[in-house]
Each structure stands twice: as C-alpha cells, then as structure tokens.
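J.: One structure coming up, written as structure tokens, with questions to follow.
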Amino acid sequence: MSSLNMTPAEPKHLLTAAQMAKFVTDGFLLLDAFIPQHLNELVYKEQIQHSQGHMFWKESKHIRSVFELPEVQGIIQSLVGLEPVYDHSFQHIVPANYPIAQDWHGDSIIDVRPHAFDIQLFYFSHDAPPEMGPTLILPGSHLRKINTFSLARYKNITGQRQLAGKAGSLAILHHGIWHCAQPNYTDKTRYVFKLRLRPGQEQRGLFNLEGYRDPEVSRIIQQGYQRWQGNEDRLDHMQRAKLWRYVTGDDTVDVSFEGALTRMGI
C-alpha cells in the first residue's frame, strides 16, 4: 500500500523523454533548489529537533508535504507508478567537523528483477555545498549489481560526483547506484532525508512518452559512456538499451550498440 496520497499527475509534471533517458543512462536526476523555501524551512526546524533514524517520516508534520507536491508526485509516478510501496525512510545526520567518509556501497541490493527498480529520493532542506559532504555517487553504476560493501576498498573513482546543491535540492536515484556519504568540513550539521519507494505496478510507459524515439533522446543513451566503465562500456550500453525498452513499454525500440538487440532478434 502506498504511504503517499498519490493523485494522477498532469502531463507537465511527468518526466520528459529526455529526463527519463538521463535517468536510464546515469542512474539519477538532481534537481537543484526544487522544493519551495517555505517548506524547506519548516522541515529543517523539525530536523534539528529529531534524532537520526527511521521515525522522522512518521513524526514530522511537514516531510510528507514535500513528497506530495504535484511536481514531486509527477516524478514518482513517472518512475514507480501511482501506487508506490513504501520500503523505508531514514533521516541521516552528519555532525559539524566530522572527518570520516562512508565506504562505497549499494543499498540493500538483494534483487532478482531483470529490469524493475526501486527509487531513493534524497532531500536536502538546507544548502549542501561540497565541503558539507553531500552524498558522492558514481553515474552509470546502477546497472552493475553489487553486494552492499563489496567495493568498499575503493576511495575515488573517475567520474564520481557529489549531490551538492542549494536548499530544496532533490536527488532521485535508481536503487542500484553506488554511493557514499562524505566528511562534513563545515561548522554546521548536515541533514538529508532519504525515502525509498518500490514500484506498485509494471514500470512501462509511466512518463511523458512524447518524443521518446527522437534522435536527440536516443543519443543520450547511445553516448552515455563513462570513463570508469573501461572495456565493459559496451556491455553497460546494452543494459541501458534493455532498460530503455522496459520503461518505454516499447519492445521494438533499439538504442543498443550497433543495433545489437535487433540483429540478435531480441
């Protein structure tokens, strides 16, 4: 059962084909200063009064209002449908002048689904500049399944980026993306609220499909190589192409390397 009061989104609030192609390619979308400031201030006041943990979602008077904004609901509907299943939530707190980083990891990746995915929404109610240590992610890593901390021996990876932004920034992550929190070198406590949702339906054709076969949309996926992928980059390309077929609901669209899906009769 959905833990949000979901209503069908207007087309203008759904993800565009280009935005969905970016999500399929990079495994995330980052919307800077997306949530209205008055809501940020209300949530922030509550965050500084609550401890770290799972209870903030239930005890906060304002956090659900963030995720029930029409613009946010359109994003959620585009990715996991109108009946998303609440998986878990957590308020993460990193104290001021905290010098320790998390190890690289993936969250709860015990998953036998070939294409379906959960989403994790990271919300910053306050400014989160790089020196405050907002989450570090590796774009394009979401389609390489790992076992939690199996890559913890790595420190820096070519192409990594932080989810830094202004107050009200919202990051939408594919559940498989590799990530790790960073040290907080400022004199202010850092708060980030995470909400994980599972799909309540098949994730096919949920976004605004207008133009999904346009060449400029296809190029986002076809040119979405990351330097860190190395010799396996074409294999990652194939995974993107398969995921694109799934989310579009069109099993004939082919953005694979050299049209391999079509050539192989897949």
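Identifiers for the structure tokens are assigned positionally: chains receive A, B, ... in sequence, residues are indexed from 1 per chain, and ligands are indexed from 1 in the order shown.
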Enumerate as a PDB file with all heavy atoms, in the first residue's frame all residues of region 83-232 of chain A assigned to alpha helix (DSSP H) by DSSP on the backbone, naming them with the chain letters and numbers the document uses.

T.:
```pdb
ATOM      1  N   PRO A 215      15.763  11.339 -32.307  1.00  0.00           N
ATOM      2  CA  PRO A 215      17.213  11.093 -32.326  1.00  0.00           C
ATOM      3  C   PRO A 215      17.955  11.715 -31.148  1.00  0.00           C
ATOM      4  O   PRO A 215      18.879  11.102 -30.605  1.00  0.00           O
ATOM      5  CB  PRO A 215      17.651  11.719 -33.657  1.00  0.00           C
ATOM      6  CG  PRO A 215      16.437  11.658 -34.517  1.00  0.00           C
ATOM      7  CD  PRO A 215      15.280  11.876 -33.596  1.00  0.00           C
ATOM      8  N   GLU A 216      17.555  12.928 -30.732  1.00  0.00           N
ATOM      9  CA  GLU A 216      18.282  13.574 -29.635  1.00  0.00           C
ATOM     10  C   GLU A 216      18.069  12.855 -28.308  1.00  0.00           C
ATOM     11  O   GLU A 216      18.956  12.865 -27.442  1.00  0.00           O
ATOM     12  CB  GLU A 216      17.880  15.044 -29.513  1.00  0.00           C
ATOM     13  CG  GLU A 216      16.410  15.304 -29.292  1.00  0.00           C
ATOM     14  CD  GLU A 216      15.653  15.527 -30.589  1.00  0.00           C
ATOM     15  OE1 GLU A 216      16.073  15.005 -31.642  1.00  0.00           O
ATOM     16  OE2 GLU A 216      14.633  16.239 -30.547  1.00  0.00           O
ATOM     17  N   VAL A 217      16.926  12.200 -28.150  1.00  0.00           N
ATOM     18  CA  VAL A 217      16.684  11.400 -26.947  1.00  0.00           C
ATOM     19  C   VAL A 217      17.496  10.108 -27.016  1.00  0.00           C
ATOM     20  O   VAL A 217      18.138   9.711 -26.034  1.00  0.00           O
ATOM     21  CB  VAL A 217      15.182  11.106 -26.783  1.00  0.00           C
ATOM     22  CG1 VAL A 217      14.947  10.123 -25.630  1.00  0.00           C
ATOM     23  CG2 VAL A 217      14.407  12.404 -26.532  1.00  0.00           C
ATOM     24  N   SER A 218      17.493   9.456 -28.157  1.00  0.00           N
ATOM     25  CA  SER A 218      18.265   8.224 -28.323  1.00  0.00           C
ATOM     26  C   SER A 218      19.750   8.465 -28.075  1.00  0.00           C
ATOM     27  O   SER A 218      20.438   7.619 -27.496  1.00  0.00           O
ATOM     28  CB  SER A 218      18.055   7.653 -29.727  1.00  0.00           C
ATOM     29  OG  SER A 218      16.703   7.315 -29.939  1.00  0.00           O
ATOM     30  N   ARG A 219      20.248   9.629 -28.508  1.00  0.00           N
ATOM     31  CA  ARG A 219      21.678   9.915 -28.353  1.00  0.00           C
ATOM     32  C   ARG A 219      22.100  10.005 -26.897  1.00  0.00           C
ATOM     33  O   ARG A 219      23.255   9.718 -26.560  1.00  0.00           O
ATOM     34  CB  ARG A 219      22.041  11.205 -29.101  1.00  0.00           C
ATOM     35  CG  ARG A 219      22.296  10.987 -30.591  1.00  0.00           C
ATOM     36  CD  ARG A 219      22.965  12.200 -31.219  1.00  0.00           C
ATOM     37  NE  ARG A 219      22.066  13.342 -31.269  1.00  0.00           N
ATOM     38  CZ  ARG A 219      21.267  13.615 -32.299  1.00  0.00           C
ATOM     39  NH1 ARG A 219      21.248  12.812 -33.357  1.00  0.00           N
ATOM     40  NH2 ARG A 219      20.489  14.684 -32.281  1.00  0.00           N
ATOM     41  N   ILE A 220      21.190  10.403 -26.015  1.00  0.00           N
ATOM     42  CA  ILE A 220      21.534  10.473 -24.585  1.00  0.00           C
ATOM     43  C   ILE A 220      21.998   9.107 -24.090  1.00  0.00           C
ATOM     44  O   ILE A 220      22.980   8.984 -23.354  1.00  0.00           O
ATOM     45  CB  ILE A 220      20.321  10.962 -23.771  1.00  0.00           C
ATOM     46  CG1 ILE A 220      19.997  12.418 -24.122  1.00  0.00           C
ATOM     47  CG2 ILE A 220      20.592  10.818 -22.271  1.00  0.00           C
ATOM     48  CD1 ILE A 220      18.700  12.922 -23.520  1.00  0.00           C
ATOM     49  N   ILE A 221      21.301   8.059 -24.516  1.00  0.00           N
ATOM     50  CA  ILE A 221      21.642   6.700 -24.104  1.00  0.00           C
ATOM     51  C   ILE A 221      22.824   6.165 -24.899  1.00  0.00           C
ATOM     52  O   ILE A 221      23.742   5.546 -24.340  1.00  0.00           O
ATOM     53  CB  ILE A 221      20.409   5.786 -24.262  1.00  0.00           C
ATOM     54  CG1 ILE A 221      19.279   6.280 -23.358  1.00  0.00           C
ATOM     55  CG2 ILE A 221      20.759   4.336 -23.944  1.00  0.00           C
ATOM     56  CD1 ILE A 221      17.951   5.616 -23.595  1.00  0.00           C
ATOM     57  N   GLN A 222      22.836   6.429 -26.187  1.00  0.00           N
ATOM     58  CA  GLN A 222      23.890   5.893 -27.052  1.00  0.00           C
ATOM     59  C   GLN A 222      25.255   6.505 -26.762  1.00  0.00           C
ATOM     60  O   GLN A 222      26.290   5.873 -26.976  1.00  0.00           O
ATOM     61  CB  GLN A 222      23.507   6.125 -28.515  1.00  0.00           C
ATOM     62  CG  GLN A 222      22.314   5.295 -28.949  1.00  0.00           C
ATOM     63  CD  GLN A 222      21.726   5.753 -30.277  1.00  0.00           C
ATOM     64  OE1 GLN A 222      21.890   6.908 -30.670  1.00  0.00           O
ATOM     65  NE2 GLN A 222      21.034   4.855 -30.957  1.00  0.00           N
TER      66      GLN A 222
END
```

J.: Determine, using only C-alpha atoms, which residues of region 139-217 of chain A have any atom at most 9 Å from an atom of region 18-26 of chain A, and tabulate each with its shortest atom pair and distance in Å to one decimal place, rows ordered by chain and then rising number, as CSV.

T.:
```
residue,atom,partner,partner_atom,distance
A:Pro139,CA,A:Asp26,CA,4.7
A:Gly140,CA,A:Asp26,CA,4.4
A:Ser141,CA,A:Asp26,CA,7.6
A:His142,CA,A:Asp26,CA,7.7
A:Ile172,CA,A:Phe23,CA,8.6
A:Leu173,CA,A:Phe23,CA,8.1
A:His174,CA,A:Phe23,CA,7.8
A:Ile177,CA,A:Asp26,CA,8.8
A:Phe207,CA,A:Met20,CA,7.5
A:Asn208,CA,A:Met20,CA,8.9
A:Gly211,CA,A:Ala18,CA,8.4
A:Tyr212,CA,A:Ala18,CA,7.4
A:Glu216,CA,A:Ala18,CA,8.1
A:Val217,CA,A:Ala18,CA,5.3
```

J.: Residues of the last selection are to be written out with N, CA and C atoms, as a CSV table (one decimal), in the first residue's frame.

T.:
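Okay, selection_14.csv is ready:
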```
chain,number,residue,atom,x,y,z
A,139,PRO,N,27.9,8.0,-11.4
A,139,PRO,CA,27.0,7.9,-12.5
A,139,PRO,C,27.2,6.7,-13.4
A,140,GLY,N,26.1,6.1,-13.8
A,140,GLY,CA,26.2,4.9,-14.7
A,140,GLY,C,26.5,3.6,-14.0
A,141,SER,N,26.6,3.6,-12.6
A,141,SER,CA,26.9,2.4,-11.9
A,141,SER,C,25.7,1.6,-11.5
A,142,HIS,N,24.5,2.1,-11.7
A,142,HIS,CA,23.3,1.5,-11.2
A,142,HIS,C,22.9,0.2,-11.9
A,172,ILE,N,17.0,12.0,-7.2
A,172,ILE,CA,16.2,10.8,-7.4
A,172,ILE,C,17.2,9.8,-8.0
A,173,LEU,N,17.4,8.7,-7.2
A,173,LEU,CA,18.4,7.7,-7.5
A,173,LEU,C,17.8,6.4,-7.8
A,174,HIS,N,18.2,5.7,-8.9
A,174,HIS,CA,18.0,4.3,-9.1
A,174,HIS,C,18.6,3.5,-7.9
A,177,ILE,N,22.5,2.4,-7.6
A,177,ILE,CA,23.7,3.3,-7.8
A,177,ILE,C,24.6,3.2,-6.7
A,207,PHE,N,6.1,7.6,-17.9
A,207,PHE,CA,6.5,9.0,-18.0
A,207,PHE,C,5.8,9.6,-19.3
A,208,ASN,N,6.1,10.9,-19.6
A,208,ASN,CA,5.6,11.5,-20.8
A,208,ASN,C,6.4,11.0,-22.0
A,211,GLY,N,8.1,12.0,-27.9
A,211,GLY,CA,9.4,12.2,-28.5
A,211,GLY,C,10.4,11.1,-28.0
A,212,TYR,N,10.0,10.0,-27.4
A,212,TYR,CA,10.9,9.1,-26.9
A,212,TYR,C,11.8,8.4,-28.0
A,216,GLU,N,17.6,12.9,-30.7
A,216,GLU,CA,18.3,13.6,-29.6
A,216,GLU,C,18.1,12.9,-28.3
A,217,VAL,N,16.9,12.2,-28.2
A,217,VAL,CA,16.7,11.4,-26.9
A,217,VAL,C,17.5,10.1,-27.0
```

J.: Assign secondary structure with DSSP using the backbone only, and return the residues of region 133-208 of chain A in strand (DSSP E or B) as a tab-separated table (two decimals) with N, CA and C atoms, in the first residue's frame.

T.:
```tsv
chain	number	residue	atom	x	y	z
A	136	LEU	N	28.23	11.23	-2.31
A	136	LEU	CA	29.01	11.02	-3.53
A	136	LEU	C	28.42	9.83	-4.27
A	137	ILE	N	28.21	9.98	-5.58
A	137	ILE	CA	27.65	8.89	-6.38
A	137	ILE	C	28.54	8.64	-7.59
A	161	ARG	N	30.66	12.08	-8.62
A	161	ARG	CA	30.19	13.45	-8.40
A	161	ARG	C	29.37	13.51	-7.14
A	162	GLN	N	29.34	14.68	-6.53
A	162	GLN	CA	28.57	14.88	-5.31
A	162	GLN	C	27.20	15.44	-5.62
A	165	GLY	N	24.09	21.00	-3.68
A	165	GLY	CA	23.08	21.90	-4.21
A	165	GLY	C	22.56	22.86	-3.16
A	169	SER	N	17.11	21.02	-2.69
A	169	SER	CA	17.57	20.11	-3.75
A	169	SER	C	17.01	18.71	-3.51
A	170	LEU	N	16.66	18.06	-4.61
A	170	LEU	CA	16.09	16.72	-4.56
A	170	LEU	C	16.82	15.85	-5.56
A	171	ALA	N	17.40	14.76	-5.07
A	171	ALA	CA	18.06	13.79	-5.93
A	171	ALA	C	17.19	12.55	-6.01
A	172	ILE	N	16.99	12.05	-7.21
A	172	ILE	CA	16.22	10.83	-7.43
A	172	ILE	C	17.16	9.78	-7.97
A	173	LEU	N	17.37	8.70	-7.21
A	173	LEU	CA	18.38	7.71	-7.52
A	173	LEU	C	17.75	6.35	-7.82
A	174	HIS	N	18.25	5.69	-8.85
A	174	HIS	CA	17.98	4.26	-9.06
A	174	HIS	C	18.59	3.53	-7.87
A	179	HIS	N	27.27	4.60	-4.04
A	179	HIS	CA	27.32	5.90	-3.39
A	179	HIS	C	27.99	5.81	-2.02
A	180	CYS	N	28.30	6.97	-1.47
A	180	CYS	CA	28.88	7.04	-0.12
A	180	CYS	C	28.81	8.48	0.38
A	184	ASN	N	32.05	16.04	6.62
A	184	ASN	CA	31.49	17.38	6.76
A	184	ASN	C	32.55	18.29	7.37
A	190	ARG	N	24.91	18.55	8.97
A	190	ARG	CA	24.27	18.25	7.68
A	190	ARG	C	23.14	17.25	7.86
A	191	TYR	N	21.99	17.58	7.27
A	191	TYR	CA	20.82	16.70	7.32
A	191	TYR	C	20.45	16.30	5.89
A	192	VAL	N	20.10	15.06	5.71
A	192	VAL	CA	19.49	14.63	4.45
A	192	VAL	C	18.44	13.57	4.78
A	193	PHE	N	17.27	13.72	4.17
A	193	PHE	CA	16.20	12.76	4.37
A	193	PHE	C	16.12	11.85	3.15
A	194	LYS	N	16.09	10.56	3.39
A	194	LYS	CA	16.02	9.57	2.31
A	194	LYS	C	14.71	8.80	2.38
A	195	LEU	N	14.04	8.70	1.24
A	195	LEU	CA	12.81	7.92	1.12
A	195	LEU	C	12.99	6.91	-0.01
A	196	ARG	N	12.78	5.64	0.30
A	196	ARG	CA	12.88	4.59	-0.72
A	196	ARG	C	11.49	4.05	-1.02
A	197	LEU	N	11.17	4.00	-2.31
A	197	LEU	CA	9.88	3.51	-2.77
A	197	LEU	C	10.06	2.39	-3.77
A	198	ARG	N	9.21	1.36	-3.66
A	198	ARG	CA	9.19	0.27	-4.62
A	198	ARG	C	8.05	0.48	-5.61
```

J.: At most 7 Å is the cut-off: for each residue in region 185-234 of chain A with any atom that close to an atom of region 152-160 of chain A, write down the nearest atom pair and the distance in Å rounded to one decimal, counting only C-alpha atoms, chain first then increasing number, as JSON lines.

T.:
```
{"residue": "A:Gln226", "atom": "CA", "partner": "A:Gly159", "partner_atom": "CA", "distance": 6.9}
{"residue": "A:Arg227", "atom": "CA", "partner": "A:Thr158", "partner_atom": "CA", "distance": 6.7}
{"residue": "A:Trp228", "atom": "CA", "partner": "A:Thr158", "partner_atom": "CA", "distance": 5.5}
```

J.: Under the rule that only C-alpha atoms are counted, which of A:Ala116, A:Met55, A:Leu69, A:Leu14 is the nearest residue to Leu209 (chain A)?

T.: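 That would be A:Leu14, the residue with the smallest distance to Leu209 (chain A).
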
J.: Provide the CA of Arg144 (chain A) to CA of Ile266 (chain A) distance in Å, to one decimal place.

T.: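 Computing the Euclidean distance for CA of Arg144 (chain A) and CA of Ile266 (chain A) yields 20.8 Å.
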
J.: Using only C-alpha atoms, can you tell me which of A:Thr262, A:Asn97, A:Gln201, A:Ser256 comes closest to Glu83 (chain A)?

T.: A:Gln201

J.: Near Glu46 (chain A), counting only C-alpha atoms, which residues have an atom at most 10 Å away, once you skip same-chain residues fewer than 5 positions from it, shown as a compact mmCIF listing (two decimals) with C-alpha atoms, in the first residue's frame?

T.:
```
# COMPACT_ATOMS: atom_id res chain seq x y z
CA GLU A 41 12.39 25.98 6.49
CA SER A 51 17.50 12.33 16.13
CA PHE A 56 11.16 11.15 11.15
CA GLU A 59 6.73 12.05 13.44
CA SER A 60 7.31 15.02 11.15
CA LYS A 61 4.33 17.28 10.40
CA HIS A 62 5.81 18.57 7.14
CA ILE A 63 8.03 15.99 5.43
```

J.: Return the single residue from A:His115, A:His126, A:His105, A:Lys12 that is closest to Ala181 (chain A), with distances computed using only C-alpha atoms.

T.: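 That would be A:His105, the residue with the smallest distance to Ala181 (chain A).
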